[in-house]
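Structure file final_39.txt (compact mmCIF, C-alpha atoms) is printed below.
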# COMPACT_ATOMS: atom_id res chain seq x y z
CA MET F 1315 11.99 -67.02 40.59
CA THR F 1316 12.49 -64.15 38.14
CA ALA F 1317 10.34 -61.51 36.47
CA GLN F 1318 9.83 -63.77 33.44
CA ASP F 1319 8.30 -66.60 35.50
CA PHE F 1320 4.71 -67.49 34.76
CA THR F 1321 2.09 -69.76 36.28
CA ILE F 1322 0.19 -72.35 34.27
CA ARG F 1323 -3.53 -71.89 34.69
CA SER F 1324 -4.74 -74.74 32.48
CA ILE F 1325 -3.77 -77.36 29.91
CA GLU F 1326 -6.31 -78.88 27.52
CA ALA F 1327 -5.88 -81.44 24.74
CA MET F 1328 -8.39 -81.72 21.89
CA CYS F 1329 -8.53 -84.63 19.46
CA PHE F 1330 -9.72 -84.33 15.87
CA ARG F 1331 -9.97 -86.99 13.17
CA TYR F 1332 -10.42 -86.35 9.44
CA PRO F 1333 -11.65 -89.33 7.34
CA LEU F 1334 -9.71 -90.05 4.17
CA SER F 1335 -11.05 -91.11 0.80
CA LEU F 1336 -7.53 -92.12 -0.23
CA PRO F 1337 -5.54 -93.90 2.51
CA VAL F 1338 -1.97 -92.90 3.34
CA VAL F 1339 0.12 -96.02 2.72
CA THR F 1340 3.39 -97.08 4.35
CA SER F 1341 5.30 -100.36 4.25
CA PHE F 1342 3.91 -101.26 7.70
CA GLY F 1343 0.31 -100.07 7.49
CA ARG F 1344 -2.37 -97.76 6.15
CA MET F 1345 -3.97 -94.64 7.59
CA THR F 1346 -7.68 -94.36 6.75
CA SER F 1347 -8.08 -91.16 8.74
CA ARG F 1348 -5.82 -88.30 9.80
CA PRO F 1349 -5.79 -87.54 13.53
CA ALA F 1350 -4.54 -84.43 15.30
CA VAL F 1351 -4.17 -83.83 19.02
CA PHE F 1352 -3.84 -80.10 19.63
CA VAL F 1353 -2.76 -78.80 23.04
CA ARG F 1354 -3.73 -75.41 24.49
CA VAL F 1355 -1.84 -74.04 27.50
CA THR F 1356 -3.07 -70.87 29.20
CA ASP F 1357 -1.09 -68.94 31.79
CA GLU F 1358 -2.27 -66.78 34.68
CA ASP F 1359 -2.29 -63.68 32.46
CA GLY F 1360 -4.47 -65.31 29.83
CA VAL F 1361 -1.65 -65.79 27.32
CA VAL F 1362 -2.22 -68.94 25.26
CA GLY F 1363 0.29 -71.27 23.62
CA TRP F 1364 -0.40 -74.11 21.18
CA GLY F 1365 1.25 -77.47 20.66
CA GLU F 1366 0.57 -80.83 19.05
CA VAL F 1367 1.08 -84.49 19.96
CA TRP F 1368 2.22 -87.18 17.52
CA ALA F 1369 -0.75 -89.55 17.34
CA ASN F 1370 -0.77 -91.43 14.03
CA PHE F 1371 -0.61 -95.02 15.28
CA PRO F 1372 -2.31 -97.15 16.43
CA ALA F 1373 -5.58 -96.04 14.88
CA THR F 1374 -7.16 -95.28 18.26
CA GLY F 1375 -4.04 -93.70 19.72
CA ALA F 1376 -4.99 -90.06 19.27
CA GLU F 1377 -7.97 -90.21 21.61
CA HIS F 1378 -5.86 -92.04 24.19
CA ARG F 1379 -3.13 -89.40 24.10
CA ALA F 1380 -5.65 -86.59 24.47
CA ARG F 1381 -7.13 -88.25 27.53
CA THR F 1382 -3.65 -88.88 28.94
CA ILE F 1383 -3.03 -85.14 28.86
CA ASN F 1384 -6.43 -84.12 30.18
CA GLU F 1385 -6.72 -86.71 32.93
CA VAL F 1386 -3.10 -87.34 33.98
CA LEU F 1387 -0.67 -84.63 32.90
CA ALA F 1388 -2.84 -81.50 33.09
CA PRO F 1389 -3.63 -81.99 36.80
CA LEU F 1390 0.08 -82.44 37.50
CA ALA F 1391 0.98 -79.22 35.70
CA ALA F 1392 -1.85 -76.93 36.78
CA GLY F 1393 -0.58 -74.17 39.05
CA ALA F 1394 3.08 -74.84 38.26
CA ARG F 1395 5.23 -71.73 38.18
CA ILE F 1396 8.11 -71.93 35.75
CA ALA F 1397 10.66 -69.70 34.06
CA HIS F 1398 11.30 -71.94 31.06
CA PRO F 1399 9.48 -74.82 29.28
CA SER F 1400 12.39 -77.19 29.94
CA GLU F 1401 11.55 -77.08 33.65
CA LEU F 1402 8.10 -78.55 33.16
CA PHE F 1403 9.38 -80.97 30.52
CA ALA F 1404 11.82 -82.39 33.05
CA ALA F 1405 9.28 -82.39 35.89
CA LEU F 1406 6.54 -84.17 33.94
CA THR F 1407 9.01 -86.71 32.55
CA GLN F 1408 10.31 -87.48 36.03
CA ARG F 1409 6.91 -87.57 37.75
CA THR F 1410 5.40 -89.98 35.20
CA ALA F 1411 8.44 -92.20 34.63
CA VAL F 1412 7.26 -95.04 36.86
CA LEU F 1413 3.68 -94.79 35.59
CA ALA F 1414 4.90 -94.96 31.98
CA LEU F 1415 7.02 -97.99 32.82
CA GLN F 1416 4.24 -99.70 34.77
CA SER F 1417 1.79 -99.25 31.91
CA GLY F 1418 4.29 -100.02 29.15
CA GLU F 1419 3.41 -96.70 27.56
CA GLN F 1420 6.67 -94.79 27.52
CA GLY F 1421 5.94 -93.66 23.95
CA PRO F 1422 2.46 -92.20 24.52
CA PHE F 1423 3.62 -90.39 27.66
CA ALA F 1424 6.65 -88.97 25.86
CA GLN F 1425 4.45 -87.83 22.97
CA ALA F 1426 1.94 -86.18 25.27
CA ILE F 1427 4.68 -84.37 27.20
CA ALA F 1428 6.24 -83.25 23.90
CA GLY F 1429 2.95 -81.66 22.84
CA ILE F 1430 2.69 -79.75 26.12
CA ASP F 1431 6.30 -78.62 25.71
CA LEU F 1432 5.61 -77.23 22.23
CA ALA F 1433 2.67 -75.24 23.59
CA LEU F 1434 4.82 -73.82 26.38
CA TRP F 1435 7.47 -72.65 23.91
CA ASP F 1436 4.79 -70.94 21.84
CA LEU F 1437 3.46 -69.32 25.01
CA LEU F 1438 6.94 -68.20 26.09
CA ALA F 1439 7.58 -66.56 22.71
CA ARG F 1440 4.19 -64.84 22.79
CA ARG F 1441 4.92 -63.49 26.27
CA GLY F 1442 8.16 -62.09 24.92
CA ALA F 1443 6.47 -60.69 21.79
CA THR F 1444 8.96 -62.48 19.54
CA PRO F 1445 8.55 -65.09 16.81
CA LEU F 1446 9.46 -68.57 17.97
CA TRP F 1447 12.12 -69.02 15.30
CA ARG F 1448 13.94 -65.95 16.59
CA LEU F 1449 13.60 -67.06 20.23
CA LEU F 1450 15.32 -70.29 19.16
CA GLY F 1451 18.26 -68.33 17.79
CA GLY F 1452 17.35 -67.96 14.14
CA VAL F 1453 18.51 -65.16 11.85
CA ASN F 1454 16.79 -66.22 8.60
CA ALA F 1455 13.06 -66.92 8.40
CA THR F 1456 13.26 -68.67 5.02
CA ILE F 1457 13.73 -72.45 4.91
CA LYS F 1458 13.64 -75.19 2.29
CA VAL F 1459 10.88 -77.80 2.23
CA TYR F 1460 10.21 -81.12 0.54
CA ALA F 1461 7.06 -82.98 -0.47
CA SER F 1462 6.52 -86.11 1.60
CA GLY F 1463 3.89 -88.85 1.80
CA ILE F 1464 4.04 -89.80 -1.89
CA ASN F 1465 2.25 -93.15 -2.14
CA PRO F 1466 3.31 -96.22 -4.17
CA THR F 1467 0.14 -95.86 -6.26
CA GLY F 1468 -0.78 -92.69 -8.13
CA THR F 1469 2.82 -91.71 -7.58
CA ARG F 1470 3.45 -89.58 -10.63
CA GLU F 1471 0.19 -87.68 -10.23
CA MET F 1472 0.93 -86.89 -6.58
CA ALA F 1473 4.41 -85.68 -7.45
CA GLU F 1474 3.18 -83.52 -10.33
CA ALA F 1475 0.63 -81.90 -8.02
CA ALA F 1476 3.34 -81.20 -5.45
CA LEU F 1477 5.59 -79.57 -8.04
CA ALA F 1478 2.66 -77.48 -9.23
CA ARG F 1479 2.19 -76.21 -5.66
CA GLY F 1480 5.75 -74.95 -5.52
CA HIS F 1481 7.74 -77.95 -4.29
CA ARG F 1482 11.15 -78.64 -5.79
CA ALA F 1483 12.13 -81.65 -3.67
CA LEU F 1484 10.33 -85.00 -3.30
CA LYS F 1485 10.40 -88.05 -1.01
CA LEU F 1486 8.87 -91.36 -2.09
CA LYS F 1487 7.63 -94.17 0.12
CA ILE F 1488 9.35 -97.43 -0.88
CA GLY F 1489 9.62 -100.95 0.52
CA PHE F 1490 6.87 -102.47 -1.65
CA GLY F 1491 9.12 -104.58 -3.87
CA ALA F 1492 11.57 -103.62 -6.61
CA GLU F 1493 8.89 -104.03 -9.28
CA ILE F 1494 6.98 -101.11 -7.67
CA ASP F 1495 9.78 -99.07 -6.09
CA HIS F 1496 12.08 -98.74 -9.10
CA PRO F 1497 9.56 -97.51 -11.69
CA ASN F 1498 8.25 -95.01 -9.16
CA LEU F 1499 11.73 -93.72 -8.37
CA ALA F 1500 12.57 -93.47 -12.06
CA ALA F 1501 9.39 -91.48 -12.70
CA LEU F 1502 10.11 -89.04 -9.86
CA ARG F 1503 13.73 -88.58 -10.86
CA ALA F 1504 12.57 -87.69 -14.36
CA LEU F 1505 10.06 -85.21 -12.93
CA VAL F 1506 12.37 -83.46 -10.49
CA GLY F 1507 15.41 -83.43 -12.77
CA ASP F 1508 18.53 -82.55 -10.83
CA GLY F 1509 16.48 -81.59 -7.78
CA THR F 1510 16.32 -83.36 -4.44
CA LEU F 1511 14.84 -86.87 -4.38
CA ALA F 1512 14.80 -89.02 -1.24
CA ALA F 1513 13.25 -92.38 -0.37
CA ASP F 1514 11.70 -93.69 2.85
CA ALA F 1515 11.42 -97.44 3.44
CA ASN F 1516 9.68 -97.03 6.82
CA GLN F 1517 11.76 -99.79 8.45
CA ALA F 1518 10.62 -102.34 5.84
CA TRP F 1519 13.77 -104.41 5.38
CA THR F 1520 16.05 -106.75 7.27
CA LEU F 1521 19.74 -105.92 7.15
CA GLN F 1522 20.30 -108.48 4.39
CA GLN F 1523 17.40 -107.11 2.33
CA ALA F 1524 18.60 -103.54 2.82
CA CYS F 1525 22.17 -104.39 1.85
CA GLU F 1526 20.83 -105.96 -1.34
CA ALA F 1527 18.36 -103.16 -2.12
CA ALA F 1528 20.44 -100.06 -1.35
CA PRO F 1529 23.13 -100.53 -4.04
CA GLN F 1530 20.40 -101.02 -6.63
CA LEU F 1531 19.13 -97.51 -5.86
CA ARG F 1532 22.43 -95.88 -6.87
CA ASP F 1533 21.23 -94.60 -10.24
CA TYR F 1534 18.49 -92.47 -8.67
CA ASN F 1535 21.00 -90.19 -6.94
CA LEU F 1536 19.05 -90.15 -3.68
CA ALA F 1537 19.66 -87.35 -1.20
CA TRP F 1538 19.05 -89.94 1.49
CA LEU F 1539 17.58 -93.38 2.18
CA GLU F 1540 15.37 -93.16 5.26
CA GLU F 1541 14.87 -95.94 7.82
CA PRO F 1542 15.72 -98.86 5.53
CA ILE F 1543 15.88 -101.15 8.61
CA ARG F 1544 14.23 -101.03 12.01
CA ALA F 1545 15.28 -98.01 14.03
CA ASP F 1546 16.05 -100.21 17.05
CA ARG F 1547 18.42 -102.60 15.28
CA PRO F 1548 21.89 -102.85 16.87
CA TRP F 1549 24.17 -100.04 15.72
CA PRO F 1550 26.65 -102.42 14.02
CA GLU F 1551 23.84 -103.34 11.60
CA TRP F 1552 23.38 -99.69 10.68
CA GLN F 1553 27.14 -99.36 10.26
CA ALA F 1554 27.22 -102.41 7.97
CA LEU F 1555 24.40 -100.95 5.88
CA ARG F 1556 26.26 -97.66 5.59
CA ARG F 1557 29.21 -99.52 4.08
CA ALA F 1558 26.91 -101.16 1.53
CA ALA F 1559 24.86 -98.09 0.65
CA ALA F 1560 25.79 -95.57 -2.00
CA MET F 1561 23.76 -92.73 -0.51
CA PRO F 1562 23.41 -91.06 2.90
CA LEU F 1563 21.28 -92.88 5.45
CA ALA F 1564 18.63 -91.06 7.45
CA ALA F 1565 16.85 -91.79 10.72
CA GLY F 1566 15.80 -90.12 13.94
CA GLU F 1567 12.01 -89.96 14.07
CA ASN F 1568 12.03 -93.09 16.24
CA PHE F 1569 14.94 -92.12 18.48
CA THR F 1570 13.44 -91.44 21.88
CA SER F 1571 16.38 -90.55 24.10
CA ARG F 1572 19.35 -88.24 24.21
CA ASP F 1573 21.59 -91.31 24.26
CA GLY F 1574 20.06 -92.54 21.01
CA PHE F 1575 20.88 -89.27 19.28
CA ALA F 1576 24.34 -89.17 20.85
CA GLN F 1577 25.13 -92.57 19.33
CA ALA F 1578 23.96 -91.36 15.91
CA LEU F 1579 26.19 -88.30 16.20
CA GLY F 1580 29.23 -90.35 17.19
CA ASP F 1581 30.19 -91.65 13.73
CA ASP F 1582 29.43 -91.24 10.02
CA THR F 1583 26.70 -93.88 9.80
CA LEU F 1584 23.88 -91.36 9.39
CA GLY F 1585 24.21 -88.35 7.13
CA VAL F 1586 20.72 -87.00 7.83
CA ILE F 1587 19.13 -86.96 11.30
CA GLN F 1588 15.41 -86.37 11.75
CA PRO F 1589 14.04 -85.81 15.27
CA ASP F 1590 10.27 -85.45 15.54
CA ILE F 1591 9.48 -82.77 18.11
CA ALA F 1592 5.87 -83.94 18.56
CA LYS F 1593 6.92 -87.55 19.14
CA TRP F 1594 9.70 -87.17 21.68
CA GLY F 1595 11.45 -84.30 23.35
CA GLY F 1596 9.48 -81.30 22.19
CA LEU F 1597 11.67 -78.24 21.68
CA SER F 1598 13.26 -78.49 25.11
CA ALA F 1599 15.16 -81.65 24.15
CA CYS F 1600 15.23 -81.42 20.36
CA ALA F 1601 16.46 -77.85 19.90
CA PRO F 1602 19.80 -78.64 21.59
CA ILE F 1603 19.97 -81.89 19.63
CA ALA F 1604 19.38 -80.03 16.37
CA ARG F 1605 22.34 -77.78 17.13
CA ASP F 1606 24.45 -80.83 17.95
CA ILE F 1607 23.48 -82.38 14.61
CA LEU F 1608 24.80 -79.37 12.74
CA ALA F 1609 27.92 -79.21 14.90
CA ALA F 1610 28.62 -82.83 13.98
CA GLY F 1611 28.56 -81.91 10.29
CA LYS F 1612 25.30 -83.71 9.56
CA ARG F 1613 22.06 -82.53 7.99
CA PHE F 1614 19.15 -81.68 10.28
CA CYS F 1615 15.79 -82.36 8.61
CA PRO F 1616 12.86 -82.39 11.05
CA HIS F 1617 10.53 -85.35 10.67
CA TYR F 1618 6.84 -84.57 10.73
CA LEU F 1619 3.55 -86.19 9.71
CA GLY F 1620 0.54 -84.76 11.48
CA GLY F 1621 -1.56 -81.62 11.86
CA GLY F 1622 -0.60 -78.05 11.12
CA ILE F 1623 0.50 -76.86 14.56
CA GLY F 1624 3.27 -79.42 14.92
CA LEU F 1625 4.34 -78.80 11.34
CA LEU F 1626 4.56 -75.06 11.97
CA ALA F 1627 6.55 -75.64 15.17
CA SER F 1628 8.94 -77.87 13.20
CA ALA F 1629 9.41 -75.07 10.68
CA HIS F 1630 10.28 -72.66 13.48
CA LEU F 1631 12.85 -75.09 14.84
CA LEU F 1632 14.51 -75.49 11.45
CA ALA F 1633 14.60 -71.72 10.91
CA GLY F 1634 15.80 -71.22 14.47
CA THR F 1635 18.64 -73.70 14.04
CA GLY F 1636 19.84 -72.90 10.55
CA GLY F 1637 21.78 -75.26 8.30
CA ASP F 1638 20.83 -76.59 4.87
CA GLY F 1639 18.13 -79.03 6.00
CA LEU F 1640 14.63 -79.33 4.57
CA LEU F 1641 11.26 -79.38 6.32
CA GLU F 1642 9.05 -82.39 5.66
CA VAL F 1643 5.64 -81.35 4.31
CA ASP F 1644 3.10 -84.13 3.80
CA ILE F 1645 1.11 -83.61 0.59
CA ASN F 1646 -1.84 -85.89 1.32
CA ASP F 1647 -5.27 -84.36 1.86
CA ASN F 1648 -5.57 -83.07 5.42
CA PRO F 1649 -7.45 -79.92 6.52
CA LEU F 1650 -6.16 -80.51 10.07
CA ARG F 1651 -2.77 -79.61 8.60
CA ASP F 1652 -3.62 -77.06 5.94
CA ASN F 1653 -5.83 -74.87 8.14
CA PHE F 1654 -3.22 -74.49 10.88
CA CYS F 1655 0.22 -74.44 9.28
CA GLY F 1656 0.24 -70.72 8.44
CA PRO F 1657 3.05 -69.73 6.06
CA VAL F 1658 4.14 -73.36 5.57
CA GLY F 1659 1.20 -73.61 3.18
CA ALA F 1660 2.65 -70.88 0.94
CA ILE F 1661 5.45 -72.73 -0.85
CA SER F 1662 7.41 -70.84 -3.48
CA ASP F 1663 10.26 -72.39 -5.46
CA GLY F 1664 10.80 -75.00 -2.77
CA THR F 1665 10.91 -72.59 0.19
CA ILE F 1666 8.65 -71.00 2.78
CA THR F 1667 9.17 -67.87 4.87
CA LEU F 1668 7.98 -67.51 8.45
CA GLY F 1669 6.66 -64.20 9.73
CA ASP F 1670 7.49 -61.88 12.61
CA ALA F 1671 4.30 -62.38 14.63
CA PRO F 1672 4.88 -63.63 18.19
CA GLY F 1673 5.19 -67.33 18.88
CA LEU F 1674 4.08 -69.65 16.12
CA GLY F 1675 2.47 -66.68 14.42
CA ILE F 1676 -1.06 -68.05 14.23
CA THR F 1677 -4.14 -68.20 16.45
CA PRO F 1678 -5.93 -71.44 15.57
CA ASP F 1679 -9.61 -71.12 14.69
CA LEU F 1680 -11.04 -74.49 15.71
CA ALA F 1681 -14.62 -73.69 14.71
CA GLY F 1682 -13.99 -74.81 11.16
CA ILE F 1683 -13.01 -78.32 12.23
CA ALA F 1684 -15.53 -78.80 15.02
CA GLN F 1685 -17.23 -81.59 13.10
CA TYR F 1686 -14.04 -83.66 13.26
CA ARG F 1687 -13.56 -83.45 17.02
CA THR F 1688 -13.65 -86.76 18.92
CA VAL F 1689 -12.32 -85.78 22.38
What does this structure look like when you write it as structure tokens?
Amino acid sequence: MTAQDFTIRSIEAMCFRYPLSLPVVTSFGRMTSRPAVFVRVTDEDGVVGWGEVWANFPATGAEHRARTINEVLAPLAAGARIAHPSELFAALTQRTAVLALQSGEQGPFAQAIAGIDLALWDLLARRGATPLWRLLGGVNATIKVYASGINPTGTREMAEAALARGHRALKLKIGFGAEIDHPNLAALRALVGDGTLAADANQAWTLQQACEAAPQLRDYNLAWLEEPIRADRPWPEWQALRRAAAMPLAAGENFTSRDGFAQALGDDTLGVIQPDIAKWGGLSACAPIARDILAAGKRFCPHYLGGGIGLLASAHLLAGTGGDGLLEVDINDNPLRDNFCGPVGAISDGTITLGDAPGLGITPDLAGIAQYRTV
């Protein structure tokens, strides 16, 4: 052990759920509420770090993930003495591997461990009195962002509101049929002019459907087409789609192993790669992967759709890694995001600038969302 080692005193997960008046719509389902599972890790010296767990689906999944942390993972981690978050990430992954397999819940366990990992990185940066983006190797605290979560209905109004808030890049949800997708894309291209426009099909199409649809999107000059087919389709299908498509393909939010990312980095099939640090890997696995993405000549754009703590951590990773990628910022109503994302909420001409405060740079005040807590 070294002088920088610290002992974990406690880990606690808290689940919140904000009801929506306007559902968030994707090609595979609707969200009628916005959940957030925040993780608080405290060390022996009373230093606190914050993380977040991906918990959007199924609808009851957030409460389950919070209980998984509180009742399974926290007892395993309490009293652990570590020098670096990656040590506990590896230990928890190894110690729960059989349990995750036995229960068929590899995803929920990976997400819960990722949230703990994010909190440990925040804690480590706070102990070192350095902003997380700088601890991750960053030299520039300013990053580009894009407006995400634009629905297939009320599309133009959502995009106009995003542009009014300082966005200069947009991503539209598609996969609802050409009669809906194309007018929406045309409207957004007219709004954003020569700016960045991307589209996300959320795994809506078969390979044949995607190969037919992608060439028809050529005129919209898309920065990327995201998850046009299922993320787990055999790689030759993705390669075939790349040959048919006129724009870069994007994926990564549903890659859940180093091998999956290694395959994506091995050829030119994907131009944009989008790990989600709250869904798999945390920063311990995804920070090295982000650097590999850039080394492979691809664009690193963190995926994120959740509360503010995970969004802020994603911003720190992008700033810490560098490159010309953009941070995904959901524009749907969500106080669980807006109250906890710090400088990510201050968008100016399509960019945000992180501060020099230690760690994530915020101390969450949960009192204002107490009415939304479920676990």
With the cut-off set at 8 Å and counting all atoms listed in the file, tabulate each residue of stretch 1396-1514 of chain F with an atom at most that distance from an atom of stretch 1354-1375 of chain F, showing the nearest atom pair and its distance in Å to one decimal, ordered by chain and increasing number, as CSV.
residue,atom,partner,partner_atom,distance
F:Gln1425,CA,F:Val1367,CA,5.6
F:Ala1426,CA,F:Val1367,CA,5.6
F:Ala1428,CA,F:Val1367,CA,6.6
F:Gly1429,CA,F:Val1367,CA,4.4
F:Ile1430,CA,F:Gly1365,CA,6.1
F:Asp1431,CA,F:Gly1365,CA,7.2
F:Leu1432,CA,F:Gly1365,CA,4.6
F:Ala1433,CA,F:Gly1365,CA,3.9
F:Leu1434,CA,F:Gly1363,CA,5.9
F:Trp1435,CA,F:Gly1363,CA,7.3
F:Asp1436,CA,F:Gly1363,CA,4.9
F:Leu1437,CA,F:Gly1363,CA,4.0
F:Leu1438,CA,F:Gly1363,CA,7.7
F:Arg1440,CA,F:Val1361,CA,7.5
F:Arg1441,CA,F:Val1361,CA,7.0
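Between atom CA of F:Glu1526 and atom CA of F:Ala1565 there is a distance of 19.0 Å.
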*asked:* Can you tell me which residues surround F:Ala1397 at a distance of at most 7 Å, considering all atoms listed in the file, apart from same-chain residues fewer than 6 positions away, and format the answer as a PyMOL selection string?
replied: chain F and resi 1318-1320
Generate a file of the selected residues that holds C-alpha atoms, formatted as a PDB file, keeping the file's coordinate frame.
ATOM      1  CA  GLN F1318       9.830 -63.770  33.440  1.00  0.00           C
ATOM      2  CA  ASP F1319       8.300 -66.600  35.500  1.00  0.00           C
ATOM      3  CA  PHE F1320       4.710 -67.490  34.760  1.00  0.00           C
TER       4      PHE F1320
END
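Atom CA of F:Phe1403 to atom CA of F:Gly1596 spans 8.3 Å [interatomic distance, one decimal].
Each of F:Ile1666, F:Ala1527, F:Leu1632, F:Leu1563 was checked against F:Ala1601 using only C-alpha atoms; the smallest atom-to-atom distance is that of F:Leu1632.
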Do you know which residues lie at most 10 Å from (14.8, -104.8, 7.9), with coordinates as in the file and only C-alpha atoms counted, and could you write them as a PDB file with C-alpha atoms, in the frame of the given file?
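The resulting file, out.pdb, is shown below:
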ATOM      1  CA  GLY F1489       9.620-100.950   0.520  1.00  0.00           C
ATOM      2  CA  ALA F1515      11.420 -97.440   3.440  1.00  0.00           C
ATOM      3  CA  ASN F1516       9.680 -97.030   6.820  1.00  0.00           C
ATOM      4  CA  GLN F1517      11.760 -99.790   8.450  1.00  0.00           C
ATOM      5  CA  ALA F1518      10.620-102.340   5.840  1.00  0.00           C
ATOM      6  CA  TRP F1519      13.770-104.410   5.380  1.00  0.00           C
ATOM      7  CA  THR F1520      16.050-106.750   7.270  1.00  0.00           C
ATOM      8  CA  LEU F1521      19.740-105.920   7.150  1.00  0.00           C
ATOM      9  CA  GLN F1522      20.300-108.480   4.390  1.00  0.00           C
ATOM     10  CA  GLN F1523      17.400-107.110   2.330  1.00  0.00           C
ATOM     11  CA  ALA F1524      18.600-103.540   2.820  1.00  0.00           C
ATOM     12  CA  CYS F1525      22.170-104.390   1.850  1.00  0.00           C
ATOM     13  CA  GLU F1541      14.870 -95.940   7.820  1.00  0.00           C
ATOM     14  CA  PRO F1542      15.720 -98.860   5.530  1.00  0.00           C
ATOM     15  CA  ILE F1543      15.880-101.150   8.610  1.00  0.00           C
ATOM     16  CA  ARG F1544      14.230-101.030  12.010  1.00  0.00           C
ATOM     17  CA  ALA F1545      15.280 -98.010  14.030  1.00  0.00           C
ATOM     18  CA  ARG F1547      18.420-102.600  15.280  1.00  0.00           C
ATOM     19  CA  GLU F1551      23.840-103.340  11.600  1.00  0.00           C
TER      20      GLU F1551
END
Around all the atoms of stretch 1655-1664 of chain F listed in the file, draw an axis-aligned box and extend it by 4 Å on each of the six sides; I want its centre and edge lengths in Å to one decimal, as lines of an AutoDock Vina configuration file.
center_x = 5.5
center_y = -72.4
center_z = 1.9
size_x = 18.6
size_y = 13.3
size_z = 22.7
Students should find that atom CA of F:Asp1644 and atom CA of F:Tyr1460 are spaced 8.4 Å
Between F:Ala1578, F:Ala1681, F:Leu1625, F:Leu1449, smallest distance to F:Cys1655 by only C-alpha atoms belongs to F:Leu1625
Just the residues within 10 Å of F:Thr1665, please, counting only C-alpha atoms, with nothing from its chain fewer than 4 positions along; format it as JSON, numbers by chain.
{"F": [1456, 1457, 1458, 1459, 1460, 1480, 1481, 1482, 1483, 1640, 1641, 1658, 1660, 1661]}
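Comparing the minimum interatomic distances between F:Gly1393 and each of F:Asp1652, F:Arg1348, F:Ser1324, F:Ile1607, counting all atoms listed in the file, we find that F:Ser1324 sits nearest.
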Would you list the residues near (8.1, -84.8, 6.2), meaning any protein, DNA or RNA residue with an atom at most 8 Å from that point in file coordinates, counting all atoms listed in the file, as a PyMOL selection string?
chain F and resi 1460-1463+1616-1619+1641-1644
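Ranking F:Ser1341, F:Thr1688, F:Gln1530, F:Ser1571 by their shortest atom-to-atom distance to F:Pro1589, with only C-alpha atoms included, puts F:Ser1571 first.
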Residues at most 8 Å from F:Phe1423, counting only C-alpha atoms, excluding those fewer than 6 positions away in the same chain, as a PDB file with C-alpha atoms, in the coordinates of the input?
ATOM      1  CA  ARG F1379      -3.130 -89.400  24.100  1.00  0.00           C
ATOM      2  CA  THR F1382      -3.650 -88.880  28.940  1.00  0.00           C
ATOM      3  CA  THR F1410       5.400 -89.980  35.200  1.00  0.00           C
ATOM      4  CA  ALA F1414       4.900 -94.960  31.980  1.00  0.00           C
TER       5      ALA F1414
END
(request) Name the residues in contact with F:Thr1346 at a cut-off of 8 Å, using all atoms listed in the file, excluding same-chain residues fewer than 2 positions from it; report them as an MDAnalysis selection string. (result) chainID F and resid 1333:1338 1344 1348
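Compared by their closest atoms to F:Asp1590, and using only C-alpha atoms, the residues F:Ile1488, F:Leu1415, F:Ala1424, F:Ala1478 rank with F:Ala1424 nearest.
Residue nearest F:Gly1580 within the list F:Arg1503, F:Lys1612, F:Arg1479, F:His1378: F:Lys1612 [criterion: smallest interatomic distance, all atoms listed in the file].
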**Message:** List as a ChimeraX atom specification the protein and nucleic acid residues near F:Asp1670, meaning an atom at most 10 Å away when all atoms listed in the file are counted, but skip any in the same chain fewer than 6 places from it.
**Reply:** /F:1443-1448,1455
